[in-house]
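A short worksheet on the structure shown next.
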Amino acid sequence: MIFTPLKRMAALMLVLLNVQLAVAQQALQSPAEFLGYELGEQFTTQNRILDYVKYVAAQAPNRVKLQEYGRTYENRPLMLAFVASDENLPRLEQIRENNLRQAQLVTGQVQGNQPAIAWLSYNVHGNESVSSESVMQVLYDLVNPSNAQSKQWLQNTVVILDPMVNPDGRERYVQWYQQASNRGGNASPYAWEHYEPWPGGRPNHYYFDLNRDWAWQTQVESQERLKVYNNWLPQVHADFHEMGVESPYYFSPAAKPFHESITPWQRQFQNTIGEYNRQYFDKNNWLYFTRESFDLFYPSYGDTWPTYNGAIGMTYEQGGSGRAGLAYKKQDGDTLTLHDRIAHHVAASKATIQATSEKADQLKQEFRKYYDSSLKNPEGNYKSFVIKSSSGSIGNLRMLTDYLGQQGIAYGYAGKSNSVKGYNYSNGKTESIKLAPEDVVISMYQPKSILVKVLFEPNASLEDSLTYDITSWSLPYAYGVQAYAVRGKVDMSQTKPATESTSITIEKPYAYLAPWHSLQDLKFTTKLMEKGVKVRMAERPFEIDGTKYEPGTVIITRTGNERMGGAFDSTVRSLAQQFNVQLGATTTGFVTSGADFGSGNVRSLKMPKVALMSGEGISPYGFGEVWHFFEQQINYPVTVLNTSYFSQVPLHEFDVLILPSGFYGNVLDEKTLEKVQDWVRSGGKLIALESAMSYLAGKKGFELKRKSDAEQDKEKGNGKEKDPYKNLRAYANRERAALDSEVQGSIFRIDLDKTHPLAFGYSDNYFALVRSSNAFEFLADGWNVGVLKKDNYTTGFVGKEAKDKLKDALIIGTQNMGRGEVVYLADNPLFRGFWQGGKLLFGNAVFVVGQ
């Protein structure tokens, strides 16, 4: 072959280019070389971790692709690193679409060779910080050109790495630790660096536990991450955590209970993943345990939610967490180091990737079978779920359908009038249902039917009562909608039926009338007040122009808003459209029945100045749930106070003081509590939630009392002699015996006095997620607004003793104190931000009671 000078030059340039590429790849710096210290010598800040991830991506553009998928509340970037072989990286989009075709969420045939997909999530709990240190080593080992093992794994696998699910929490921990620690760390368990201050780095900015938010997606980190997750649907998802510092390492198989919808294959592969991990850990003589503590039941974890979406989901737990620091001397005399913790997580990461690669064909086959079965032969007793459009709250129904869209769950409409039989969530009976064309229908004949079953089933089957979290969460209860579970397939239309126009034909009404049923109605009303519109609320039912209105109806009269001129009508109407509120209008203030609009039974609402307690002793989660409600859900100003200076706060500056769950013994001493009572007597409103309510029980001036243990014993004994052998119990059964007095997030029907302002917008009952067996007597001098009667249990695990204790108990109540009021909420209606049906109740406590 004869080369021309031009061809020789081109060939030489190609050789030089290949040499340069090889040199560049060989020069890929390890994390230690890039950072200037060995991993484990200190904690690495979030920006430096991302710097290294970006550096590796720049050095290996044929192996790594980055995607910023969102920003945290504190504006930190959320990043994914996609790692694949040279052949697969350019066709990532095709691989993604192929995978959705396997799940039958996208039509068409799979094109080309399809690898398995493994998604690894690190640092969902901020102070479980070792995993974000580990991910740098994992990424380096995957990309390192001299690592023949990784090259082989990537032939069959696309690896998606999320280096830091919770950057805000992690930075809170790392910044504090760097300030508090000795150089190189102090292993003494008594050193300051092992005592993380309130609120700790575990939660995100609003102090939510992101590992309980996978299904509910109330936080921006979850919302943005799961948009991407639903576009990929990996076959394997691993979630990296830490636990108590004295514990060794935990990997699958998981503990019981397994949800009944977890397939035999998913259960089997838990064992397979465990076998791969055991090889790594046995080789290094590392301690570990399996099949304990971490179950697969509650649907909102980083292992269960992916499992209900067809993946093999698993949790990895390393002993350490925020207590461990750089080094910690354990009770057995061994010193746990950050080096050790990193090594363990790196090994588990590699075991997961290796298992995915070597079992890729089986994973893909079972993944397709999972979705094919879901579409054609869905499991469970119920094949359809119907949500009535006339269930009282259009706002709650709208929130539910928006949520279904976020989850990728298909729904339609009945389309025509019909009758079917179904299980009524409200009363637990099977009865005939008259379908209206606009009723929402969720069919089980869809790819995501397992997720539908898990989220909608009236009673989740619990194979073992020793579970890690709440045991009931059914969406119809959570959203406060009228729903039915139907055993057969209900025909549905994808087109929403046209409804009668609700536009207001009166040009300048005497008054606008707005419903009070949902969070959207609350947001509409508070935004009106923020815009300077004066609003009123009906305390009693009334009828006008042939239409009946319930207590709580918002009345917006032209009288009192004259100063707004022509802006009055445009403001009210545009805000109603913005919040999807169906306005009514009238030309008169005279009612056919009830109280006229000028009556004293029509109250004026004002914008209260709200204060919220935070600080040492307060539950970070309880505080965060309230803080997030005001700032992110209703966009209403709230002043956060701190326990460290609360005694000096001039309470007359505020109208409402909210006490989240917490220990108040060091905050509300006798003198400070008297100051709070004086403020309430002068017209203030105190709202006590959960254990804050427990603290006030029995205190002077508060009518609240606990149900005495003596009464409980009397009720249970029924006058009979006690069993002399009752206290002879086996030590091995101590955990199970303790469950007798536990309430593990169970749903109860609360009977409401709907004539009280605290219950405006509700019917005669409300389904609450009860999480504590703390029981209180009915108020002798107050208003028992929401109570549990003898047979109010609905679903979820409740121990026998707890169930007995909760009979005839106060859950929601108010007490007059001078010109002010105390509101008692035994269970937080804002729990984890997902119990939508309780949010109006809390809004009533803040904005309606005492107005």
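Letters for chains follow the order of the structure tokens (A, B, ...), residue numbers begin at 1 for each chain, and ligand numbers begin at 1 in the order shown.
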
Contact residues around A:Glu431 with only C-alpha atoms at 8 Å, ignoring same-chain residues under 6 positions, as a compact mmCIF listing (two decimals) with C-alpha atoms, in the first residue's frame:
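Ended up saving to part_7.txt:
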# COMPACT_ATOMS: atom_id res chain seq x y z
CA LYS A 421 -71.20 -2.37 43.54
CA GLY A 422 -68.17 -1.39 45.53
CA TYR A 423 -66.52 -1.15 48.95
CA ASN A 424 -67.31 2.21 50.53

Inset, instruction - Between A:Ala355, A:Ala191, A:Leu841, A:Ile811, single out the one closest to A:Trp783, counting only C-alpha atoms. - result: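 Nearest to A:Trp783: A:Ile811.
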
Legend entry - Of the listed residues A:Ala595, A:Val124, A:Ala103, A:Val83, that which approaches A:Asp141 most closely, counting only C-alpha atoms: A:Val83

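Of the listed residues A:Asn309, A:Thr592, A:Gln219, A:Ser247, the one whose atoms come nearest to A:Ser261 is A:Asn309, with distances taken using only C-alpha atoms.
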
Inset, instruction - Excluding A:Ile160 and residues on its chain fewer than 2 positions from it, collect all residues at most 7 Å away from it, counting only C-alpha atoms, and give them as a PyMOL selection string. - result: chain A and resi 80-83+118-120+158+162

Legend entry - Closest of A:Asn47, A:Ser419, A:Ser389, A:Gln268 to A:Glu438 - atom-to-atom distances counting only C-alpha atoms: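 Residue with the minimum atom-to-atom distance to A:Glu438: A:Ser389.
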
Inset, instruction - Considering only C-alpha atoms, return as a PyMOL selection string whatever protein or nucleic-acid residues lie within 10 Å of A:Met817, sequence-local ones (same chain, fewer than 6 positions apart) excluded. - result: chain A and resi 677-686+701-703+782

Inset, instruction - Just give me the gap between atom CA of A:Asp361 and atom CA of A:Asn231 in Å, one decimal is fine. - result: 20.9 Å

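With distances restricted to only C-alpha atoms, A:Ile747 is the closest residue to A:Ser472 from A:Ile433, A:Val135, A:Ile747, A:Leu513.
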
Inset, instruction - Go through A:Ile273, A:Phe258, A:Lys65, A:Pro551 one by one, measure the shortest atom-to-atom distance of each to A:Ser293 using only C-alpha atoms, and give the residue with the smallest value. - result: A:Phe258

Enumerate the residues of stretch 142-181 of chain A with a DSSP assignment of strand (DSSP E or B), computed from the backbone, and present them as a tab-separated table (two decimals) with N, CA, C and O atoms, in the first residue's frame.
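The file below, part-v4.tsv, is the result:
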chain	number	residue	atom	x	y	z
A	157	THR	N	-24.58	-3.06	31.78
A	157	THR	CA	-25.26	-2.23	32.76
A	157	THR	C	-25.02	-0.75	32.51
A	157	THR	O	-23.89	-0.34	32.22
A	158	VAL	N	-26.09	0.03	32.64
A	158	VAL	CA	-25.97	1.48	32.78
A	158	VAL	C	-26.14	1.79	34.26
A	158	VAL	O	-27.11	1.35	34.89
A	159	VAL	N	-25.18	2.52	34.81
A	159	VAL	CA	-25.20	2.85	36.24
A	159	VAL	C	-25.55	4.33	36.39
A	159	VAL	O	-24.90	5.19	35.78
A	160	ILE	N	-26.57	4.61	37.18
A	160	ILE	CA	-26.96	5.99	37.47
A	160	ILE	C	-26.62	6.27	38.93
A	160	ILE	O	-27.11	5.59	39.83
A	161	LEU	N	-25.76	7.25	39.15
A	161	LEU	CA	-25.32	7.60	40.50
A	161	LEU	C	-25.91	8.95	40.89
A	161	LEU	O	-25.77	9.93	40.16
A	162	ASP	N	-26.58	8.99	42.03
A	162	ASP	CA	-27.02	10.25	42.62
A	162	ASP	C	-26.10	10.51	43.82
A	162	ASP	O	-26.30	9.93	44.88

Inset, instruction - For atom CA of A:Phe654 and atom CA of A:Ala538, determine how far apart the two atoms are, in Å to one decimal place. - result: 25.0 Å

Legend entry - Contacts of A:Ser593 at 12 Å (only C-alpha atoms; same-chain gap of 5+ positions) as an MDAnalysis selection string: chainID A and resid 540:550

Legend entry - Surrounding residues of A:Ile312 excluding itself and chain neighbours under 3 positions, 9 Å, only C-alpha atoms, as number ranges by chain: A: 234-238, 266-267, 269-270, 303-304, 306-307, 363

Please save N, CA, C and O atoms of the selected residues as a short mmCIF file (atom, residue, chain, number, x, y, z; two decimals), in the first residue's frame.
data_model
loop_
_atom_site.label_atom_id
_atom_site.label_comp_id
_atom_site.auth_asym_id
_atom_site.auth_seq_id
_atom_site.Cartn_x
_atom_site.Cartn_y
_atom_site.Cartn_z
N PRO A 234 -35.38 2.07 36.66
CA PRO A 234 -34.30 1.07 36.69
C PRO A 234 -34.78 -0.28 37.20
O PRO A 234 -35.79 -0.38 37.90
N GLN A 235 -34.01 -1.31 36.87
CA GLN A 235 -34.32 -2.65 37.37
C GLN A 235 -33.84 -2.83 38.81
O GLN A 235 -34.36 -3.67 39.54
N VAL A 236 -32.83 -2.05 39.20
CA VAL A 236 -32.26 -2.16 40.55
C VAL A 236 -32.13 -0.75 41.13
O VAL A 236 -31.67 0.17 40.44
N HIS A 237 -32.55 -0.59 42.38
CA HIS A 237 -32.30 0.67 43.08
C HIS A 237 -31.74 0.38 44.47
O HIS A 237 -32.32 -0.40 45.23
N ALA A 238 -30.61 0.98 44.77
CA ALA A 238 -29.97 0.81 46.08
C ALA A 238 -29.90 2.15 46.79
O ALA A 238 -29.54 3.17 46.18
N GLN A 266 -38.81 -10.75 43.14
CA GLN A 266 -38.22 -9.65 43.89
C GLN A 266 -37.71 -10.12 45.24
O GLN A 266 -36.64 -9.71 45.70
N ARG A 267 -38.44 -11.01 45.88
CA ARG A 267 -37.99 -11.57 47.15
C ARG A 267 -36.73 -12.41 46.94
O ARG A 267 -35.79 -12.35 47.74
N PHE A 269 -34.50 -12.15 44.56
CA PHE A 269 -33.31 -11.37 44.20
C PHE A 269 -32.76 -10.60 45.40
O PHE A 269 -31.59 -10.21 45.42
N GLN A 270 -33.57 -10.37 46.42
CA GLN A 270 -33.04 -9.84 47.68
C GLN A 270 -31.95 -10.78 48.21
O GLN A 270 -30.90 -10.34 48.67
N ASP A 303 -36.36 1.98 49.26
CA ASP A 303 -36.34 0.58 48.79
C ASP A 303 -37.74 0.12 48.37
O ASP A 303 -37.89 -0.56 47.37
N THR A 304 -38.79 0.55 49.09
CA THR A 304 -40.12 0.04 48.78
C THR A 304 -40.75 0.73 47.56
O THR A 304 -41.31 0.05 46.69
N PRO A 306 -39.39 2.12 44.86
CA PRO A 306 -38.86 1.51 43.63
C PRO A 306 -39.33 0.07 43.44
O PRO A 306 -39.58 -0.36 42.31
N THR A 307 -39.47 -0.68 44.54
CA THR A 307 -39.95 -2.06 44.43
C THR A 307 -41.35 -2.10 43.84
O THR A 307 -41.65 -2.94 42.99
N LEU A 363 -32.89 -9.99 35.10
CA LEU A 363 -33.51 -8.76 35.58
C LEU A 363 -34.41 -8.15 34.51
O LEU A 363 -35.54 -7.74 34.79
#

Inset, instruction - Name the residues of stretch 530-646 of chain A that come out as alpha helix (DSSP H) in a backbone DSSP run; write them as a PyMOL selection string. - result: chain A and resi 530+567-578+620-628

Keeping N, CA, C and O atoms for every residue in the selection just given, could you write it to a file as a CSV table (one decimal), in the first residue's frame?
chain,number,residue,atom,x,y,z
A,530,GLU,N,-54.5,38.9,51.9
A,530,GLU,CA,-53.2,39.5,51.7
A,530,GLU,C,-53.3,40.7,50.7
A,530,GLU,O,-52.6,41.7,50.8
A,567,ALA,N,-61.2,47.3,41.1
A,567,ALA,CA,-60.2,46.2,41.3
A,567,ALA,C,-60.8,45.1,42.2
A,567,ALA,O,-60.3,44.0,42.2
A,568,PHE,N,-61.9,45.4,42.9
A,568,PHE,CA,-62.5,44.4,43.8
A,568,PHE,C,-62.9,43.2,43.0
A,568,PHE,O,-62.5,42.1,43.3
A,569,ASP,N,-63.7,43.4,42.0
A,569,ASP,CA,-64.3,42.2,41.2
A,569,ASP,C,-63.2,41.5,40.5
A,569,ASP,O,-63.1,40.2,40.5
A,570,SER,N,-62.2,42.2,39.9
A,570,SER,CA,-61.2,41.5,39.1
A,570,SER,C,-60.3,40.8,40.0
A,570,SER,O,-59.8,39.7,39.7
A,571,THR,N,-60.0,41.3,41.2
A,571,THR,CA,-59.1,40.6,42.2
A,571,THR,C,-59.8,39.3,42.6
A,571,THR,O,-59.2,38.2,42.6
A,572,VAL,N,-61.1,39.3,43.0
A,572,VAL,CA,-61.7,38.2,43.5
A,572,VAL,C,-61.8,37.1,42.4
A,572,VAL,O,-61.5,35.9,42.6
A,573,ARG,N,-62.2,37.5,41.2
A,573,ARG,CA,-62.4,36.5,40.2
A,573,ARG,C,-61.1,35.9,39.7
A,573,ARG,O,-61.1,34.7,39.4
A,574,SER,N,-60.1,36.7,39.6
A,574,SER,CA,-58.8,36.2,39.1
A,574,SER,C,-58.2,35.2,40.1
A,574,SER,O,-57.6,34.2,39.7
A,575,LEU,N,-58.3,35.5,41.4
A,575,LEU,CA,-57.8,34.6,42.4
A,575,LEU,C,-58.6,33.3,42.4
A,575,LEU,O,-58.0,32.3,42.6
A,576,ALA,N,-59.9,33.4,42.2
A,576,ALA,CA,-60.7,32.2,42.2
A,576,ALA,C,-60.3,31.3,41.0
A,576,ALA,O,-60.2,30.1,41.2
A,577,GLN,N,-60.0,31.9,39.9
A,577,GLN,CA,-59.5,31.1,38.8
A,577,GLN,C,-58.2,30.5,39.0
A,577,GLN,O,-57.9,29.4,38.7
A,578,GLN,N,-57.3,31.3,39.7
A,578,GLN,CA,-55.9,30.8,40.0
A,578,GLN,C,-55.9,29.6,40.9
A,578,GLN,O,-55.2,28.7,40.7
A,620,PRO,N,-37.7,18.3,65.3
A,620,PRO,CA,-37.4,18.9,64.0
A,620,PRO,C,-38.5,18.6,63.0
A,620,PRO,O,-38.8,19.5,62.2
A,621,TYR,N,-38.9,17.3,62.9
A,621,TYR,CA,-39.9,17.0,61.9
A,621,TYR,C,-41.3,17.7,62.2
A,621,TYR,O,-41.9,18.2,61.3
A,622,GLY,N,-41.7,17.7,63.5
A,622,GLY,CA,-43.0,18.4,63.8
A,622,GLY,C,-42.9,19.9,63.5
A,622,GLY,O,-43.9,20.4,62.9
A,623,PHE,N,-41.8,20.5,63.8
A,623,PHE,CA,-41.6,21.9,63.5
A,623,PHE,C,-41.6,22.1,61.9
A,623,PHE,O,-42.2,23.0,61.4
A,624,GLY,N,-40.8,21.2,61.2
A,624,GLY,CA,-40.7,21.4,59.8
A,624,GLY,C,-42.0,21.2,59.1
A,624,GLY,O,-42.3,21.9,58.1
A,625,GLU,N,-42.8,20.3,59.5
A,625,GLU,CA,-44.1,20.1,58.9
A,625,GLU,C,-45.0,21.4,58.9
A,625,GLU,O,-45.7,21.7,57.9
A,626,VAL,N,-45.0,22.1,60.0
A,626,VAL,CA,-45.7,23.3,60.2
A,626,VAL,C,-45.1,24.4,59.4
A,626,VAL,O,-45.7,25.2,58.7
A,627,TRP,N,-43.8,24.5,59.4
A,627,TRP,CA,-43.0,25.6,58.7
A,627,TRP,C,-43.2,25.4,57.2
A,627,TRP,O,-43.5,26.4,56.5
A,628,HIS,N,-43.1,24.2,56.7
A,628,HIS,CA,-43.4,24.0,55.3
A,628,HIS,C,-44.8,24.3,54.9
A,628,HIS,O,-45.0,24.8,53.8

Quick one: residues within 10 Å of A:Gly184, only C-alpha atoms counted, chain neighbours fewer than 6 positions away excluded, as an mmCIF file with N, CA and C atoms, in the first residue's frame?
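Listed below is the output, result_39.cif:
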data_model
loop_
_atom_site.group_PDB
_atom_site.id
_atom_site.type_symbol
_atom_site.label_atom_id
_atom_site.label_comp_id
_atom_site.auth_asym_id
_atom_site.auth_seq_id
_atom_site.Cartn_x
_atom_site.Cartn_y
_atom_site.Cartn_z
ATOM 1 N N GLY A 40 -11.656 9.821 53.837
ATOM 2 C CA GLY A 40 -11.751 9.380 55.217
ATOM 3 C C GLY A 40 -10.929 10.224 56.167
ATOM 4 N N GLU A 41 -10.019 11.064 55.644
ATOM 5 C CA GLU A 41 -9.228 11.922 56.522
ATOM 6 C C GLU A 41 -10.019 13.136 56.989
ATOM 7 N N GLN A 42 -10.979 13.553 56.198
ATOM 8 C CA GLN A 42 -11.868 14.653 56.573
ATOM 9 C C GLN A 42 -13.142 14.542 55.747
ATOM 10 N N GLY A 325 -18.614 10.778 63.344
ATOM 11 C CA GLY A 325 -17.523 11.681 62.998
ATOM 12 C C GLY A 325 -16.424 10.999 62.208
ATOM 13 N N LEU A 326 -15.190 11.409 62.440
ATOM 14 C CA LEU A 326 -14.046 10.792 61.759
ATOM 15 C C LEU A 326 -13.614 9.506 62.434
ATOM 16 N N ALA A 327 -13.821 9.425 63.741
ATOM 17 C CA ALA A 327 -13.455 8.215 64.488
ATOM 18 C C ALA A 327 -14.287 8.156 65.757
#

Inset, instruction - To one decimal in Å, tell me the separation between atom CA of A:Glu358 and atom CA of A:His259. - result: 27.1 Å
